[in-house]
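> What follows is a structure written as structure tokens; I'll ask about it next.
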Amino acid sequence: MERTFLAVKPDGVQRGLVGNIIGRFESKGFQLVGLKLVQVSRELAEKHYGEHKERPFFPGLVNFITSAPVVAMVWEGKGVIASARKIIGVTNPLNAENGTIRGDFGVDVGRNIIHGSDAPDTAEREIALWFTPAELCNWQPSISTWIYE
Ligand code: IDP
């Protein structure tokens, strides 16, 4: 089973979208294995977005992600990394399809509601950056046989 790291960003938390967003991944059939509300430090923000540190939007991105709490999550399931990216929508909310999280709730690229790992190696890196192994629950949902054949 694959795991991915998702985070409702400060705009999603401030706008009261956490329940709606979690509900989309739950009702798809994915399994929550880690969840916490985090006031992100600058150090964590700079590590998480390290690949963008030379980009002009980097300082604003770090200021934004540290400006209010973030809901950090790990989700598990078959194909969850790519599927979550589809549920989230493309980076610029104005280009994101209706029915995706960014398409339904966002306007500006710097306020795009949610982060999702983009590949297996980044998922592994981000899960290890945000969660200790003890914070992740290995549990067996009783509905598994109604989701997987
Ligand atoms: P992703 O979140 O869809 O994977 P990335 O290209 O990895 O997109 O960018 C990371 C985050 O950086 C975006 O989600 C967005 O919050 C921010 N970002 C990307 N491009 C811009 C920009 O041109 N202006 C402001 N913020 C940006």
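Labeling convention for the structure tokens: chains A, B, ... as they appear, residues from 1 per chain, ligands from 1 in order of appearance.
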Hey, what's within 10 Å of Thr100 (chain A) if we count only C-alpha atoms and toss same-chain stuff fewer than 2 positions away? As number ranges by chain, please?
A: 24, 84-90, 93, 96-98, 102-106
> Which protein, DNA or RNA residues have an atom within 12 Å of ligand 1, counting only C-alpha atoms and all ligand atoms, as a ChimeraX atom specification?
/A:5-12,45-46,48-65,81-82,84-93,95-96,101-102,106-119,122-123
> Need to verify the contact set: Lys28 (chain A), 12 Å, only C-alpha atoms, exclusion of same-chain residues closer than 5 positions in sequence. Can you return it as an MDAnalysis selection string?
chainID A and resid 21:23 75:80 83:84 86:87 146:148
> Grab the CA of Pro133 (chain A) to CA of Phe25 (chain A) distance for me, in Å with one decimal place.
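Separation between CA of Pro133 (chain A) and CA of Phe25 (chain A): 21.7 Å.
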> Mind the document's chain letters and residue numbers, and return as a list in words the residues of region 25-142 of chain A that DSSP labels strand (DSSP E).
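Checking each residue of region 25-142 of chain A, the strand (DSSP E) ones are Gln31, Leu32, Val33, Gly34, Leu35, Lys36, Leu37, Val38, Val70, Val71, Ala72, Met73, Val74, Trp75, Glu76, Gly77, Ile114, His115 and Gly116 of chain A.
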> As an NGL selection string, please: all residues of region 13-148 of chain A that backbone DSSP puts in alpha helix (DSSP H).
:A and (13-14 or 18-28 or 42-48 or 58-65 or 80-88 or 101-105 or 120-130)
> Smallest atom-to-atom distance to Met1 (chain A): which of A:Leu17, A:Val33, A:Val40, A:Leu94, using only C-alpha atoms?
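Using only C-alpha atoms, the shortest distance to Met1 (chain A) belongs to A:Val33.
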> Counting only C-alpha atoms, which residue out of A:Arg42, A:Gly34, A:Gly16, A:Pro141 sits closest to Ala128 (chain A)?
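Ranked by minimum distance to Ala128 (chain A), first place goes to A:Gly34.
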> Compare A:Thr132, A:Gln14, A:Asn20, A:Gln140 by their minimum atom-to-atom distance to Leu32 (chain A), counting only C-alpha atoms, and give me the closest one.
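Nearest candidate to Leu32 (chain A) out of A:Thr132, A:Gln14, A:Asn20, A:Gln140: A:Gln140.
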